[in-house]
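Have a look at protein-v3.tsv below; it lists TSV, C-alpha atoms.
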```tsv
chain	number	residue	atom	x	y	z
A	266	MET	CA	-35.62	19.42	-23.19
A	267	LEU	CA	-36.60	19.25	-19.58
A	268	ALA	CA	-36.93	15.47	-19.81
A	269	GLU	CA	-33.45	15.21	-21.34
A	270	SER	CA	-32.02	17.33	-18.54
A	271	GLU	CA	-33.68	15.11	-15.92
A	272	GLN	CA	-32.38	11.97	-17.66
A	273	GLU	CA	-28.88	13.44	-17.74
A	274	LYS	CA	-29.09	14.25	-14.02
A	275	GLN	CA	-30.32	10.71	-13.33
A	276	ARG	CA	-27.44	9.16	-15.33
A	277	HIS	CA	-24.94	11.39	-13.55
A	278	THR	CA	-26.36	10.42	-10.15
A	279	GLU	CA	-26.24	6.72	-11.05
A	280	LYS	CA	-22.66	7.08	-12.27
A	281	LEU	CA	-21.58	8.76	-9.01
A	282	GLN	CA	-23.37	6.09	-6.99
A	283	GLY	CA	-21.64	3.33	-8.99
A	284	GLN	CA	-18.25	4.97	-8.39
A	285	SER	CA	-18.96	5.22	-4.67
A	286	GLU	CA	-20.06	1.58	-4.48
A	287	ALA	CA	-16.93	0.48	-6.36
A	288	ARG	CA	-14.69	2.34	-3.90
A	289	ARG	CA	-16.54	0.79	-0.95
A	290	TYR	CA	-16.21	-2.66	-2.51
A	291	LEU	CA	-12.46	-2.35	-3.11
A	292	ALA	CA	-11.52	-0.52	0.12
A	293	PRO	CA	-11.07	-3.61	2.36
A	294	GLU	CA	-8.72	-5.22	-0.16
A	295	LEU	CA	-6.78	-1.99	-0.49
A	296	ASN	CA	-6.56	-1.77	3.31
A	297	ARG	CA	-5.17	-5.32	3.47
A	298	THR	CA	-2.49	-4.67	0.86
A	299	ILE	CA	-1.43	-1.35	2.42
A	300	ASN	CA	-1.18	-2.97	5.85
A	301	ARG	CA	1.12	-5.59	4.35
A	302	VAL	CA	3.38	-2.88	2.90
A	303	LEU	CA	3.47	-1.23	6.33
A	304	TYR	CA	4.61	-4.56	7.77
A	305	ILE	CA	7.29	-4.92	5.06
A	306	HIS	CA	8.49	-1.36	5.69
A	307	ASP	CA	8.58	-1.99	9.45
A	308	ARG	CA	10.61	-5.20	8.99
A	309	ALA	CA	13.03	-3.67	6.47
A	310	ILE	CA	14.17	-1.08	9.02
A	311	PRO	CA	15.67	-3.48	11.61
A	312	ASN	CA	17.09	-5.67	8.84
A	313	PHE	CA	18.78	-2.62	7.31
A	314	VAL	CA	20.11	-1.49	10.72
A	315	CYS	CA	21.48	-4.94	11.58
A	316	ALA	CA	23.08	-5.29	8.15
A	317	SER	CA	24.58	-1.79	8.48
A	318	ALA	CA	26.07	-2.54	11.89
A	319	GLU	CA	27.75	-5.68	10.58
A	320	ASN	CA	27.29	-7.52	13.85
A	321	SER	CA	26.20	-11.04	14.63
A	322	ILE	CA	22.58	-10.02	15.21
A	323	LYS	CA	20.50	-11.19	12.28
A	324	PRO	CA	16.73	-10.86	12.20
A	325	ASN	CA	15.23	-14.14	11.09
A	326	ASP	CA	13.08	-12.62	8.34
A	327	ARG	CA	12.81	-14.63	5.15
A	328	ARG	CA	12.34	-13.51	1.58
A	329	GLU	CA	8.62	-14.31	1.79
A	330	ASP	CA	8.27	-11.76	4.60
A	331	PHE	CA	9.01	-8.98	2.11
A	332	ILE	CA	6.57	-10.02	-0.61
A	333	PRO	CA	3.41	-7.86	-0.72
A	334	TYR	CA	-0.09	-9.27	-0.70
A	335	TRP	CA	-1.82	-9.24	-4.05
A	336	PRO	CA	-5.31	-7.96	-4.72
A	337	THR	CA	-7.87	-10.65	-5.45
A	338	LEU	CA	-10.71	-8.41	-6.63
A	339	TYR	CA	-8.81	-5.92	-8.73
A	340	PRO	CA	-8.86	-5.74	-11.77
A	341	ASN	CA	-11.36	-8.53	-12.54
A	342	ALA	CA	-14.32	-7.57	-10.35
A	343	PRO	CA	-17.09	-5.92	-12.37
A	344	GLN	CA	-17.14	-3.01	-9.90
A	345	CYS	CA	-13.70	-1.96	-11.16
A	346	ARG	CA	-15.33	-0.76	-14.38
A	347	ASP	CA	-17.34	1.77	-12.35
A	348	LEU	CA	-14.30	3.48	-10.85
A	349	ALA	CA	-13.62	7.08	-11.82
A	350	ALA	CA	-10.55	7.47	-14.02
A	351	ASP	CA	-8.55	9.18	-11.24
A	352	ASP	CA	-9.42	6.45	-8.73
A	353	ALA	CA	-8.48	3.70	-11.19
A	354	ALA	CA	-5.19	5.45	-12.01
A	355	ALA	CA	-4.32	5.76	-8.31
A	356	LEU	CA	-5.10	2.08	-7.75
A	357	ILE	CA	-3.11	0.97	-10.79
A	358	THR	CA	-0.10	3.04	-9.74
A	359	PHE	CA	-0.21	1.65	-6.19
A	360	TYR	CA	-0.55	-1.97	-7.33
A	361	ASP	CA	2.23	-1.47	-9.89
A	362	SER	CA	4.49	-0.33	-7.06
A	363	LEU	CA	3.76	-3.63	-5.29
A	364	HIS	CA	4.95	-5.49	-8.37
A	365	SER	CA	8.16	-3.43	-8.38
A	366	LEU	CA	8.74	-4.26	-4.73
A	367	ALA	CA	8.09	-7.97	-5.23
A	368	ASP	CA	10.24	-8.10	-8.36
A	369	PHE	CA	13.12	-6.46	-6.52
A	370	VAL	CA	12.87	-8.87	-3.58
A	371	ASN	CA	12.68	-11.92	-5.85
A	372	ASP	CA	15.53	-10.75	-8.08
A	373	TRP	CA	17.97	-9.57	-5.42
A	374	TRP	CA	17.35	-11.65	-2.28
A	375	GLU	CA	20.64	-13.28	-1.25
A	376	ARG	CA	22.13	-12.58	-4.68
A	377	GLU	CA	25.77	-13.58	-4.70
A	378	GLY	CA	28.10	-10.60	-4.24
A	379	GLN	CA	25.33	-8.22	-3.15
A	380	LEU	CA	25.57	-6.76	0.34
A	381	PRO	CA	22.48	-7.30	2.50
A	382	VAL	CA	22.61	-3.65	3.58
A	383	ASN	CA	22.06	-2.60	-0.04
A	384	ILE	CA	19.21	-5.04	-0.50
A	385	PHE	CA	17.37	-3.91	2.65
A	386	ASN	CA	17.96	-0.26	1.81
A	387	ALA	CA	16.35	-0.79	-1.60
A	388	ILE	CA	13.46	-2.76	-0.08
A	389	LEU	CA	12.93	0.10	2.35
A	390	HIS	CA	12.83	2.62	-0.50
A	391	HIS	CA	10.46	0.49	-2.60
A	392	ALA	CA	8.12	0.03	0.39
A	393	ASP	CA	8.31	3.76	1.16
A	394	LYS	CA	7.27	4.60	-2.41
A	395	SER	CA	4.39	2.13	-2.17
A	396	LEU	CA	3.26	3.74	1.09
A	397	GLU	CA	3.40	7.18	-0.51
A	398	LEU	CA	1.12	5.92	-3.29
A	399	GLY	CA	-1.00	4.07	-0.75
A	400	LEU	CA	-1.73	7.34	1.06
A	401	ILE	CA	-3.30	8.70	-2.12
A	402	CYS	CA	-5.51	5.62	-2.36
A	403	VAL	CA	-6.47	5.85	1.33
A	404	ALA	CA	-7.88	9.32	0.70
A	405	LYS	CA	-9.56	8.49	-2.63
A	406	PHE	CA	-11.15	5.25	-1.38
A	407	GLU	CA	-12.05	6.57	2.10
A	408	VAL	CA	-10.26	3.60	3.64
A	409	GLU	CA	-10.15	5.17	7.11
A	410	LYS	CA	-13.92	5.56	7.20
A	411	LEU	CA	-14.69	2.18	5.65
A	412	CYS	CA	-11.97	0.14	7.40
A	413	PRO	CA	-11.26	1.61	10.83
A	414	PRO	CA	-8.38	0.08	12.80
A	415	PRO	CA	-9.32	-2.85	15.04
A	416	TYR	CA	-7.88	-0.99	18.03
A	417	GLU	CA	-8.15	2.76	18.46
A	418	ALA	CA	-4.63	2.90	19.90
A	419	TRP	CA	-3.23	1.81	16.52
A	420	GLY	CA	-4.31	5.07	14.95
A	421	THR	CA	-5.62	5.48	11.45
A	422	ILE	CA	-3.88	3.87	8.53
A	423	SER	CA	-2.80	7.33	7.33
A	424	SER	CA	-1.25	8.17	10.69
A	425	ARG	CA	0.56	4.82	10.75
A	426	ILE	CA	1.92	5.43	7.25
A	427	GLU	CA	3.00	8.97	8.16
A	428	ARG	CA	4.75	7.75	11.34
A	429	SER	CA	6.58	5.00	9.49
A	430	ARG	CA	7.73	7.40	6.78
A	431	LEU	CA	9.08	10.10	9.09
A	432	PRO	CA	12.80	10.78	8.78
A	433	GLN	CA	14.75	9.15	11.61
A	434	PRO	CA	15.56	12.32	13.63
A	435	ARG	CA	11.86	13.26	13.81
A	436	ARG	CA	10.85	9.75	14.89
A	437	GLU	CA	12.88	10.11	18.07
A	438	ASN	CA	10.90	13.22	19.01
A	439	ILE	CA	7.51	11.47	18.91
A	440	ILE	CA	8.43	8.22	20.62
```

Would you kindly transcribe this structure into structure tokens?
Amino acid sequence: MLAESEQEKQRHTEKLQGQSEARRYLAPELNRTINRVLYIHDRAIPNFVCASAENSIKPNDRREDFIPYWPTLYPNAPQCRDLAADDAAALITFYDSLHSLADFVNDWWEREGQLPVNIFNAILHHADKSLELGLICVAKFEVEKLCPPPYEAWGTISSRIERSRLPQPRRENII
């Protein structure tokens, strides 16, 4: 009985170690994809404002600028099998939101009869939802610890997401 208990402890320890290694392995890719969504969100704002104002100022963003980056490791890397169910579910939900964003951009970009203000508003909302889901992954995969920002002044990825998601009136108070 004692030997079985020790074996069970050993298996549990190995399982936890495998989960931790899988998170460390996937964190840089997750960081890259979240940073791209931050960029998309940040570009959708001025495009939405310019389209709303109906003036001659047009940002020169192209459709490709609003397409998220895709993971290259997930789901085919063997480490993905070691993820805990909650971690895998968070990752799947986040990456699914990227597909929704990309599908919207591809389906609606410059669609005849559709107002650009509506398109950029929807892109903004899709990106915002992806960032909300990305925050969950940042915590679960310890992205801030494993992938610190290249410059301290940038702030952590969580703080950058939170700043970009603040409602407009509150943004003015922190700038």

Between CA of Phe331 in chain A and CA of Ile299 in chain A, what is the distance in Å, rounded to a tenth? 12.9 Å

For range 339-342 of chain A, list every protein, DNA or RNA residue within 12 Å, evaluated using all atoms listed in the file, and leave out those in the same chain fewer than 5 positions away; present the list as a list in words.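 Residues meeting the cut-off are Ala287, Arg288, Tyr290, Leu291, Ala292, Pro293, Glu294, Leu295, Thr298, Asp347, Leu348, Ala353, Ala354, Leu356, Ile357, Phe359, Tyr360 and Asp361 of chain A.
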
Export of prior selection with C-alpha atoms as a PDB file, keeping the file's coordinate frame:
```pdb
ATOM      1  CA  ALA A 287     -16.930   0.480  -6.360  1.00  0.00           C
ATOM      2  CA  ARG A 288     -14.690   2.340  -3.900  1.00  0.00           C
ATOM      3  CA  TYR A 290     -16.210  -2.660  -2.510  1.00  0.00           C
ATOM      4  CA  LEU A 291     -12.460  -2.350  -3.110  1.00  0.00           C
ATOM      5  CA  ALA A 292     -11.520  -0.520   0.120  1.00  0.00           C
ATOM      6  CA  PRO A 293     -11.070  -3.610   2.360  1.00  0.00           C
ATOM      7  CA  GLU A 294      -8.720  -5.220  -0.160  1.00  0.00           C
ATOM      8  CA  LEU A 295      -6.780  -1.990  -0.490  1.00  0.00           C
ATOM      9  CA  THR A 298      -2.490  -4.670   0.860  1.00  0.00           C
ATOM     10  CA  ASP A 347     -17.340   1.770 -12.350  1.00  0.00           C
ATOM     11  CA  LEU A 348     -14.300   3.480 -10.850  1.00  0.00           C
ATOM     12  CA  ALA A 353      -8.480   3.700 -11.190  1.00  0.00           C
ATOM     13  CA  ALA A 354      -5.190   5.450 -12.010  1.00  0.00           C
ATOM     14  CA  LEU A 356      -5.100   2.080  -7.750  1.00  0.00           C
ATOM     15  CA  ILE A 357      -3.110   0.970 -10.790  1.00  0.00           C
ATOM     16  CA  PHE A 359      -0.210   1.650  -6.190  1.00  0.00           C
ATOM     17  CA  TYR A 360      -0.550  -1.970  -7.330  1.00  0.00           C
ATOM     18  CA  ASP A 361       2.230  -1.470  -9.890  1.00  0.00           C
TER      19      ASP A 361
END
```

Can you tell me, as JSON, numbers by chain, what residues are no more than 12 Å from range 413-415 of chain A when counting all atoms listed in the file, ignoring any on the same chain fewer than 6 positions away? {"A": [292, 293, 296, 297, 300, 403, 407, 421, 422, 423, 424, 425]}

Selected residues, C-alpha atoms, written as a PDB file, in the coordinates of the input, please.
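Done, and the output landed in out_1.pdb:
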```
ATOM      1  CA  ALA A 292     -11.520  -0.520   0.120  1.00  0.00           C
ATOM      2  CA  PRO A 293     -11.070  -3.610   2.360  1.00  0.00           C
ATOM      3  CA  ASN A 296      -6.560  -1.770   3.310  1.00  0.00           C
ATOM      4  CA  ARG A 297      -5.170  -5.320   3.470  1.00  0.00           C
ATOM      5  CA  ASN A 300      -1.180  -2.970   5.850  1.00  0.00           C
ATOM      6  CA  VAL A 403      -6.470   5.850   1.330  1.00  0.00           C
ATOM      7  CA  GLU A 407     -12.050   6.570   2.100  1.00  0.00           C
ATOM      8  CA  THR A 421      -5.620   5.480  11.450  1.00  0.00           C
ATOM      9  CA  ILE A 422      -3.880   3.870   8.530  1.00  0.00           C
ATOM     10  CA  SER A 423      -2.800   7.330   7.330  1.00  0.00           C
ATOM     11  CA  SER A 424      -1.250   8.170  10.690  1.00  0.00           C
ATOM     12  CA  ARG A 425       0.560   4.820  10.750  1.00  0.00           C
TER      13      ARG A 425
END
```

Would you list the contacts of Asn312 in chain A as a ChimeraX atom specification, taking every protein, DNA or RNA residue within 9 Å and counting only C-alpha atoms, but skipping same-chain residues closer than 4 positions in sequence? /A:308,316-317,323-326,381-382,385-386

Kindly extract all protein, DNA and RNA residues lying within 12 Å of the coordinates (-21.8, 7.4, -13.9) given in the file, considering all atoms listed in the file, and supply them as a list in words.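 Neighbouring residues, ordered by chain and number, come to Glu273, Lys274, Gln275, Arg276, His277, Thr278, Glu279, Lys280, Leu281, Gln282, Gly283, Gln284, Ser285, Glu286, Ala287, Arg346, Asp347, Leu348, Ala349 and Ala350 of chain A.
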
Straight-line distance linking CA of Gln344 in chain A with CA of Glu397 in chain A, stated in Å to one decimal: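 Computing the Euclidean distance for CA of Gln344 in chain A and CA of Glu397 in chain A yields 24.8 Å.
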
Closest of A:Glu329, A:Ile401, A:Cys412, A:Ala418 to Asn371 in chain A - atom-to-atom distances counting all atoms listed in the file: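 That would be A:Glu329, the residue with the smallest distance to Asn371 in chain A.
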
Can you tell me how far CA of Leu400 in chain A sits from CA of Leu303 in chain A, in Å to one decimal?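 These atoms are spaced 11.3 Å apart.
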
Contact residues around Ser429 in chain A with all atoms listed in the file at 8 Å, ignoring same-chain residues under 2 positions, as a PyMOL selection string: chain A and resi 303+306-307+425-427+431

Just the selected residues (C-alpha atoms), exported as a compact mmCIF listing (two decimals), in the frame of the given file, please.
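Listing of out.txt after writing:
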```
# COMPACT_ATOMS: atom_id res chain seq x y z
CA LEU A 303 3.47 -1.23 6.33
CA HIS A 306 8.49 -1.36 5.69
CA ASP A 307 8.58 -1.99 9.45
CA ARG A 425 0.56 4.82 10.75
CA ILE A 426 1.92 5.43 7.25
CA GLU A 427 3.00 8.97 8.16
CA LEU A 431 9.08 10.10 9.09
```

Applying 12 Å and only C-alpha atoms, which residues near Thr358 in chain A remain after dropping the ones on its own chain fewer than 6 positions away? List them as a short mmCIF file (atom, residue, chain, number, x, y, z; two decimals) with C-alpha atoms, in the coordinates of the input.
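Result written to result19.cif:
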```cif
data_model
loop_
_atom_site.label_atom_id
_atom_site.label_comp_id
_atom_site.auth_asym_id
_atom_site.auth_seq_id
_atom_site.Cartn_x
_atom_site.Cartn_y
_atom_site.Cartn_z
CA ASP A 351 -8.55 9.18 -11.24
CA ASP A 352 -9.42 6.45 -8.73
CA HIS A 364 4.95 -5.49 -8.37
CA SER A 365 8.16 -3.43 -8.38
CA LYS A 394 7.27 4.60 -2.41
CA SER A 395 4.39 2.13 -2.17
CA LEU A 396 3.26 3.74 1.09
CA GLU A 397 3.40 7.18 -0.51
CA LEU A 398 1.12 5.92 -3.29
CA GLY A 399 -1.00 4.07 -0.75
CA LEU A 400 -1.73 7.34 1.06
CA ILE A 401 -3.30 8.70 -2.12
CA CYS A 402 -5.51 5.62 -2.36
#
```

Nearest-residue call for Ala309 in chain A, choices A:Cys345, A:Ile332, A:Glu271, A:Gly420, using only C-alpha atoms: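 Closest residue, counting only C-alpha atoms: A:Ile332.
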
Given only C-alpha atoms as the counted atoms, nearest of A:Trp419, A:Asp330, A:Val302, A:Asn320 to Ser362 in chain A: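 Checking each of A:Trp419, A:Asp330, A:Val302, A:Asn320 against Ser362 in chain A, counting only C-alpha atoms, the winner is A:Val302.
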